$ cat query.txt   # compact mmCIF, C-alpha atoms
# COMPACT_ATOMS: atom_id res chain seq x y z
CA MET A 91 178.55 -19.39 93.14
CA ARG A 92 176.03 -21.37 95.18
CA ARG A 93 173.49 -20.95 92.36
CA LEU A 94 175.93 -22.15 89.72
CA ARG A 95 176.87 -25.22 91.78
CA TYR A 96 173.17 -26.00 92.28
CA ALA A 97 172.44 -25.70 88.57
CA ALA A 98 175.40 -27.93 87.70
CA ALA A 99 174.23 -30.56 90.16
CA MET A 100 170.70 -30.51 88.76
CA LEU A 101 172.02 -30.87 85.19
CA ALA A 102 174.23 -33.83 86.23
CA ALA A 103 171.33 -35.52 88.02
CA ALA A 104 169.11 -35.12 84.98
CA MET A 105 171.75 -36.68 82.75
CA ILE A 106 172.22 -39.62 85.10
CA ALA A 107 168.47 -40.22 85.43
CA SER A 108 167.86 -40.17 81.71
CA PRO A 109 168.59 -43.20 79.53
CA ILE A 110 169.67 -40.83 76.72
CA PRO A 111 173.40 -40.22 76.52
CA ALA A 112 174.63 -36.97 78.06
CA SER A 113 176.11 -35.84 74.76
CA ALA A 114 172.71 -36.22 73.04
CA GLN A 115 170.99 -34.29 75.82
CA LEU A 116 173.51 -31.50 75.61
CA GLY A 117 173.17 -31.41 71.82
CA GLY A 118 169.39 -31.10 72.11
CA LEU A 119 169.69 -28.24 74.55
CA MET A 120 172.11 -26.50 72.22
CA LYS A 121 169.74 -26.94 69.27
CA LYS A 122 166.84 -25.50 71.25
CA ALA A 123 168.93 -22.53 72.31
CA LYS A 124 170.11 -21.94 68.73
CA SER A 125 166.54 -22.19 67.41
CA ALA A 126 165.32 -19.63 69.95
CA VAL A 127 168.12 -17.24 69.00
CA GLU A 128 167.45 -17.65 65.27
CA LYS A 129 163.70 -17.13 65.78
CA LYS A 130 164.36 -13.97 67.73
CA ALA A 131 166.71 -12.77 64.99
CA ASP A 132 164.16 -13.57 62.27
CA ASN A 133 161.51 -11.60 64.10
CA ALA A 134 163.86 -8.67 64.43
CA ILE A 135 164.65 -8.78 60.71
CA GLY A 136 160.94 -8.98 59.86
CA LYS A 137 160.20 -5.92 61.93
CA THR A 138 162.96 -3.93 60.29
CA ASP A 139 161.45 -4.79 56.89
CA LEU A 140 158.22 -3.01 57.83
CA MET A 141 157.90 0.63 56.91
CA PRO A 142 157.55 2.94 59.91
CA VAL A 143 154.19 4.06 61.20
CA ASN A 144 154.48 7.48 59.53
CA ALA A 145 155.58 6.15 56.11
CA PHE A 146 152.22 7.15 54.62
CA GLY A 147 151.28 10.22 56.59
CA ALA A 148 149.62 10.33 59.99
CA PRO A 149 147.94 7.26 61.49
CA LEU A 150 144.23 6.97 60.77
CA THR A 151 141.71 7.94 63.40
CA GLU A 152 138.02 7.05 63.47
CA GLN A 153 137.25 10.46 61.99
CA SER A 154 139.80 10.32 59.17
CA LEU A 155 138.85 6.71 58.39
CA ASP A 156 135.20 7.76 58.11
CA ALA A 157 136.27 10.52 55.71
CA VAL A 158 138.17 8.09 53.47
CA ILE A 159 135.25 5.65 53.41
CA ARG A 160 132.97 8.50 52.35
CA GLY A 161 135.43 9.15 49.54
CA LEU A 162 135.52 5.49 48.53
CA THR A 163 131.73 5.43 48.46
CA ALA A 164 131.61 8.46 46.16
CA SER A 165 134.30 7.00 43.91
CA GLN A 166 132.46 3.68 43.72
CA ALA A 167 129.30 5.42 42.53
CA LYS A 168 131.29 6.91 39.66
CA LEU A 169 132.98 3.61 38.89
CA ASP A 170 129.59 1.88 38.75
CA GLU A 171 128.45 4.58 36.34
CA ALA A 172 131.55 4.01 34.22
CA LYS A 173 130.84 0.28 34.25
CA GLN A 174 127.40 0.94 32.77
CA ALA A 175 128.91 3.14 30.07
CA GLN A 176 131.46 0.43 29.30
CA ALA A 177 128.66 -2.15 29.01
CA GLU A 178 127.00 0.15 26.49
CA ALA A 179 130.28 0.46 24.58
CA ASP A 180 130.62 -3.33 24.53
CA LYS A 181 127.12 -3.61 23.11
CA TYR A 182 127.94 -1.26 20.23
CA ASN A 183 131.23 -3.03 19.65
CA LYS A 184 129.35 -6.31 19.22
CA LEU A 185 126.85 -4.71 16.82
CA MET A 186 129.72 -3.19 14.85
CA SER A 187 131.38 -6.59 14.50
CA GLU A 188 128.12 -8.22 13.47
CA ALA A 189 127.48 -5.56 10.81
CA ALA A 190 130.94 -6.10 9.31
CA ALA A 191 130.89 -9.89 9.43
CA GLY A 192 131.02 -11.65 6.06
CA HIS A 193 131.70 -8.52 3.99
CA ASP A 194 135.48 -8.65 3.59
CA LYS A 195 135.45 -9.02 -0.20
CA GLU A 196 132.74 -6.38 -0.61
CA ARG A 197 134.73 -4.00 1.59
CA GLU A 198 137.85 -4.46 -0.51
CA SER A 199 135.93 -3.92 -3.77
CA TYR A 200 134.13 -0.85 -2.43
CA ARG A 201 137.35 0.74 -1.17
CA GLU A 202 139.19 0.08 -4.41
CA THR A 203 136.40 1.59 -6.55
CA SER A 204 136.00 4.57 -4.20
CA ASN A 205 139.73 5.31 -4.17
CA ASN A 206 139.99 5.10 -7.95
CA VAL A 207 137.07 7.49 -8.48
CA GLU A 208 138.29 9.87 -5.78
CA ASN A 209 141.83 10.00 -7.20
CA CYS A 210 140.52 10.53 -10.72
CA GLN A 211 138.20 13.36 -9.69
CA SER A 212 140.86 15.02 -7.54
CA THR A 213 143.41 14.93 -10.37
CA PHE A 214 140.86 16.25 -12.86
CA ILE A 215 139.73 19.14 -10.62
CA SER A 216 143.32 20.14 -9.80
CA ALA A 217 144.20 20.26 -13.49
CA ARG A 218 141.03 22.22 -14.26
CA ARG A 219 141.78 24.78 -11.49
CA ASP A 220 145.37 25.15 -12.67
CA SER A 221 144.14 25.82 -16.18
CA LEU A 222 141.65 28.45 -15.00
CA MET A 223 144.34 30.09 -12.86
CA LYS A 224 146.75 30.31 -15.79
CA THR A 225 144.01 31.80 -18.00
CA PHE A 226 143.17 34.37 -15.31
CA GLN A 227 146.82 35.34 -14.79
CA SER A 228 147.36 35.66 -18.53
CA LYS A 229 144.37 37.95 -18.83
CA MET A 230 145.58 40.12 -15.95
CA LEU A 231 148.95 40.53 -17.65
CA SER A 232 147.60 41.24 -21.13
CA ASP A 233 144.45 43.28 -20.36
CA PRO A 234 145.03 46.48 -18.29
CA ALA A 235 141.30 47.24 -18.11
CA ALA A 236 140.52 43.77 -16.77
CA ARG A 237 143.40 44.11 -14.30
CA ALA A 238 142.10 47.47 -13.03
CA GLU A 239 138.62 46.03 -12.67
CA ALA A 240 139.99 43.06 -10.71
CA VAL A 241 141.97 45.34 -8.37
CA LYS A 242 138.87 47.46 -7.74
CA ALA A 243 136.77 44.36 -7.08
CA ALA A 244 139.36 43.04 -4.65
CA SER A 245 139.43 46.36 -2.79
CA ASN A 246 135.65 46.45 -2.53
CA LEU A 247 135.62 42.82 -1.39
CA SER A 248 138.16 43.55 1.33
CA ALA A 249 136.17 46.52 2.64
CA GLU A 250 132.91 44.59 2.69
CA SER A 251 134.54 41.60 4.33
CA ASN A 252 136.02 43.80 7.07
CA LYS A 253 132.59 45.26 7.81
CA LEU A 254 131.15 41.80 8.23
CA LEU A 255 134.00 40.70 10.48
CA GLN A 256 133.69 43.80 12.65
CA ALA A 257 130.00 43.03 13.04
CA GLY A 258 130.92 39.52 14.14
CA ASP A 259 129.51 37.88 11.02
CA THR A 260 132.33 35.45 10.21
CA VAL A 261 130.00 33.19 8.25
CA GLY A 262 128.93 36.10 6.04
CA ALA A 263 132.57 37.06 5.44
CA ARG A 264 133.47 33.53 4.36
CA THR A 265 130.44 33.34 2.08
CA LEU A 266 131.37 36.62 0.44
CA MET A 267 134.94 35.44 -0.19
CA SER A 268 133.66 32.17 -1.70
CA GLN A 269 131.31 34.02 -4.01
CA GLN A 270 134.05 36.33 -5.23
CA ALA A 271 136.40 33.39 -5.82
CA ALA A 272 133.67 31.69 -7.84
CA ASN A 273 133.19 34.86 -9.91
CA LEU A 274 136.88 34.99 -10.75
CA MET A 275 137.75 31.29 -11.04
CA GLY A 276 134.45 29.59 -11.72
CA ASP A 277 131.93 27.81 -9.51
CA PRO A 278 133.42 24.78 -7.68
CA LYS A 279 130.14 22.94 -8.23
CA LEU A 280 130.82 23.08 -11.95
CA ASP A 281 134.23 21.51 -11.33
CA THR A 282 132.64 18.66 -9.41
CA ALA A 283 130.01 18.08 -12.09
CA ALA A 284 132.70 17.99 -14.78
CA ALA A 285 134.79 15.58 -12.67
CA ILE A 286 131.85 13.21 -12.24
CA LYS A 287 131.22 13.29 -15.97
CA LYS A 288 134.88 12.48 -16.59
CA CYS A 289 135.51 9.90 -13.84
CA GLY A 290 132.11 8.67 -12.82
CA ALA A 291 130.35 9.11 -9.48
CA ALA A 292 131.57 7.56 -6.25
CA PRO A 293 129.89 4.20 -5.57
CA ALA A 294 126.95 4.17 -3.17
CA LYS A 295 127.92 3.16 0.37
CA PRO A 296 126.65 -0.34 1.22
CA ALA A 297 123.99 -0.50 3.94
CA TRP A 298 126.10 -2.81 6.09
CA LEU A 299 129.00 -0.33 5.96
CA GLY A 300 126.70 2.50 6.99
CA ASP A 301 125.59 0.42 9.98
CA GLU A 302 129.18 -0.42 10.88
CA GLU A 303 130.21 3.23 10.82
CA LYS A 304 127.15 4.21 12.88
CA TYR A 305 127.91 1.61 15.56
CA ARG A 306 131.59 2.55 15.53
CA ALA A 307 130.73 6.17 16.30
CA GLN A 308 128.41 5.06 19.11
CA TRP A 309 131.06 2.67 20.47
CA GLU A 310 133.70 5.41 20.51
CA ALA A 311 131.34 7.85 22.24
CA ALA A 312 130.38 5.32 24.94
CA ASN A 313 134.02 4.26 25.40
CA ASN A 314 135.14 7.87 25.82
CA LYS A 315 132.31 8.43 28.28
CA ALA A 316 133.42 5.46 30.38
CA ARG A 317 137.04 6.68 30.46
CA LYS A 318 135.95 10.20 31.41
CA ILE A 319 133.81 8.94 34.29
CA GLU A 320 136.65 6.74 35.54
CA GLU A 321 138.91 9.79 35.62
CA GLU A 322 136.25 11.64 37.63
CA ALA A 323 136.05 8.86 40.23
CA ARG A 324 139.18 9.86 42.18
CA THR A 325 138.23 13.54 42.14
CA ALA A 326 134.79 12.63 43.46
CA GLY A 327 136.42 10.65 46.26
CA VAL A 328 138.69 13.49 47.34
CA SER A 329 135.79 15.94 47.26
CA ALA A 330 133.48 13.70 49.32
CA SER A 331 136.19 13.02 51.92
CA GLY A 332 136.81 16.69 52.62
CA MET A 333 140.55 15.96 52.75
CA SER A 334 143.34 17.34 50.62
CA LYS A 335 144.30 15.29 47.59
CA GLU A 336 147.64 14.41 49.15
CA ASN A 337 146.24 13.37 52.54
CA TYR A 338 143.46 11.37 50.92
CA GLY A 339 145.97 9.51 48.77
CA LEU A 340 148.19 8.72 51.77
CA ALA A 341 145.23 7.55 53.85
CA ARG A 342 144.15 5.23 51.02
CA GLU A 343 147.65 3.75 50.95
CA ARG A 344 147.47 3.01 54.67
CA ILE A 345 144.15 1.21 54.18
CA ILE A 346 145.54 -0.71 51.18
CA ASN A 347 148.52 -1.89 53.24
CA TRP A 348 146.32 -2.91 56.15
CA LEU A 349 143.88 -4.70 53.83
CA GLN A 350 146.71 -6.70 52.28
CA GLU A 351 147.86 -7.86 55.70
CA LYS A 352 144.28 -8.47 56.87
CA ASN A 353 143.57 -10.72 53.88
CA GLY A 354 146.61 -12.90 54.49
CA GLY A 355 149.26 -11.03 52.53
CA LYS A 356 152.65 -9.82 53.63
CA ALA A 357 152.73 -7.08 56.25
CA VAL A 358 153.97 -3.82 54.76
CA GLN A 359 154.05 -1.21 57.50
CA VAL A 360 153.61 -0.58 61.20
CA PHE A 361 150.20 0.58 62.47
CA THR A 362 149.26 1.97 65.86
CA ASP A 363 146.97 -0.09 68.08
CA GLU A 364 144.28 2.59 67.84
CA GLU A 365 144.55 2.61 64.04
CA ARG A 366 144.22 -1.15 63.81
CA LYS A 367 141.22 -1.05 66.10
CA ALA A 368 139.55 1.61 63.94
CA MET A 369 140.11 -0.35 60.72
CA GLU A 370 138.97 -3.61 62.30
CA SER A 371 135.73 -1.93 63.33
CA ARG A 372 135.12 -0.85 59.71
CA ASN A 373 136.44 -4.05 58.13
CA SER A 374 133.18 -4.87 56.32
CA ASP A 375 133.06 -1.38 54.77
CA ILE A 376 136.71 -1.57 53.72
CA GLN A 377 136.34 -5.06 52.25
CA LYS A 378 133.41 -3.78 50.17
CA TYR A 379 135.82 -1.46 48.32
CA SER A 380 138.73 -3.91 48.12
CA LYS A 381 138.57 -4.12 44.32
CA GLN A 382 138.66 -0.34 44.03
CA LEU A 383 141.58 -0.12 46.43
CA ARG A 384 143.54 -2.76 44.54
CA GLY A 385 142.84 -1.07 41.17
$ encode --input "query.txt" --output "structure tokens"
Amino acid sequence: MRRLRYAAAMLAAAMIASPIPASAQLGGLMKKAKSAVEKKADNAIGKTDLMPVNAFGAPLTEQSLDAVIRGLTASQAKLDEAKQAQAEADKYNKLMSEAAAGHDKERESYRETSNNVENCQSTFISARRDSLMKTFQSKMLSDPAARAEAVKAASNLSAESNKLLQAGDTVGARTLMSQQAANLMGDPKLDTAAAIKKCGAAPAKPAWLGDEEKYRAQWEAANNKARKIEEEARTAGVSASGMSKENYGLARERIINWLQEKNGGKAVQVFTDEERKAMESRNSDIQKYSKQLRG
């Protein structure tokens, strides 16, 4: 009670000594008290927003952090290799565009002529093969001797083909079948020659189109190479770290979250003091791989 009376007396003396009205002084004190309470509440809310220390596996130690940085180094080497492959792909893409530039009308004309000739030849050859097939079937039905000879030839062909297949000569077996088909139905080369005579030959491919197709193939190969190397980057990182894939991934997440906070972003999770100290000591190494970690 003595303390309360003393505090009340001090408060009254302060109000009397001050030229500011007592109500204003009391209001100011209340505002300060409210502000302190709200600040404390805000801090409490902010802390509850953070994920717990074990949200992404175990806290990092100096040893596990070293392992992850080894992994990041190995991954970066692969990513740099992929970047070179992508630069090569970009080069071929540019050459491909340059080869095609200014040839829109020629392309349209070439495609139209090629399609017309191709359709004509295809229709002609199909009709020719159908005619030969009908003639062959008619002969088999009307000529018993020819039918017997064809059956014998087919049997011999099957036996010879099986021998070749058993010997592992698949190419020889296919060649034999093609030869027999030609004997029965006519040589396909003769069909093509007759089709060209009927429809004309396909137009010669323009030099610029040949260049475009060559660069396109090279662009696709380089692009696929870049994608493949990028896919290998994470595997290389896990292997170099000596950690399991799961633990390596979780450790990377911890570093990503710390890096975000370190570079002025919103805090994401709680870290131990030892973990923060370890990452601070390797800050320059971590910052070097910031782009990789954000990717």
$ residues_around --input "query.txt" --residues "region 366-371 of chain A" --least-positions-apart "3" --cutoff "7 Å" --atoms "only C-alpha atoms" --output "PyMOL selection string"
chain A and resi 151-152+361-363
$ write_last_selection --input "query.txt" --atoms "C-alpha atoms" --output "PDB file, in the coordinates of the input"
ATOM      1  CA  THR A 151     141.710   7.940  63.400  1.00  0.00           C
ATOM      2  CA  GLU A 152     138.020   7.050  63.470  1.00  0.00           C
ATOM      3  CA  PHE A 361     150.200   0.580  62.470  1.00  0.00           C
ATOM      4  CA  THR A 362     149.260   1.970  65.860  1.00  0.00           C
ATOM      5  CA  ASP A 363     146.970  -0.090  68.080  1.00  0.00           C
TER       6      ASP A 363
END
$ atom_distance --input "query.txt" --atom1 "CA of Leu162 (chain A)" --atom2 "CA of Gln382 (chain A)"
8.0 Å
$ closest_residue --input "query.txt" --among "A:Val158, A:Gln308, A:Thr163, A:Ser228" --to "Lys378 (chain A)" --atoms "only C-alpha atoms"
A:Thr163
$ residues_around --input "query.txt" --residues "region 197-200 of chain A" --least-positions-apart "5" --cutoff "9 Å" --atoms "only C-alpha atoms" --output "number ranges by chain"
A: 190, 205, 293-296, 299
$ residues_around --input "query.txt" --residues "Gln377 (chain A)" --least-positions-apart "2" --cutoff "12 Å" --atoms "only C-alpha atoms" --output "PyMOL selection string"
chain A and resi 159+162+345-346+348-350+352-353+369-375+379-384
$ closest_residue --input "query.txt" --among "A:Leu140, A:Ala341, A:Val328, A:Ala316" --to "Gln174 (chain A)" --atoms "all atoms listed in the file"
A:Ala316
$ closest_residue --input "query.txt" --among "A:Ala148, A:Ala238, A:Ile286, A:Leu155" --to "Gly332 (chain A)" --atoms "all atoms listed in the file"
A:Leu155
$ atom_distance --input "query.txt" --atom1 "CA of Ala292 (chain A)" --atom2 "CA of Ser204 (chain A)"
5.7 Å
$ residues_around --input "query.txt" --residues "Ser251 (chain A)" --least-positions-apart "2" --cutoff "12 Å" --atoms "only C-alpha atoms" --output "list in words"
Ala243, Ala244, Ser245, Asn246, Leu247, Ser248, Ala249, Lys253, Leu254, Leu255, Gln256, Ala257, Gly258, Asp259, Thr260, Val261, Gly262, Ala263, Arg264, Thr265, Leu266, Met267, Ser268, Gln269 and Gln270 of chain A
$ axis_aligned_box --input "query.txt" --around "region 174-179 of chain A" --padding-each-side "5 Å" --output "lines of an AutoDock Vina configuration file"
center_x = 129.2
center_y = 0.5
center_z = 28.7
size_x = 14.5
size_y = 15.3
size_z = 18.2
$ atom_distance --input "query.txt" --atom1 "CA of Glu343 (chain A)" --atom2 "CA of Lys318 (chain A)"
23.7 Å
$ closest_residue --input "query.txt" --among "A:Asn314, A:Ile215, A:Thr325, A:Pro234" --to "Lys279 (chain A)" --atoms "all atoms listed in the file"
A:Ile215
$ closest_residue --input "query.txt" --among "A:Tyr338, A:Phe226, A:Arg201, A:Lys184" --to "Ala326 (chain A)" --atoms "all atoms listed in the file"
A:Tyr338
$ closest_residue --input "query.txt" --among "A:Arg160, A:Lys242, A:Lys304, A:Arg218" --to "Met186 (chain A)" --atoms "all atoms listed in the file"
A:Lys304
$ residues_around --input "query.txt" --residues "Glu208 (chain A)" --least-positions-apart "4" --cutoff "9 Å" --atoms "only C-alpha atoms" --output "list in words"
Thr203, Ser204, Ser212, Thr213, Cys289, Ala291 and Ala292 of chain A
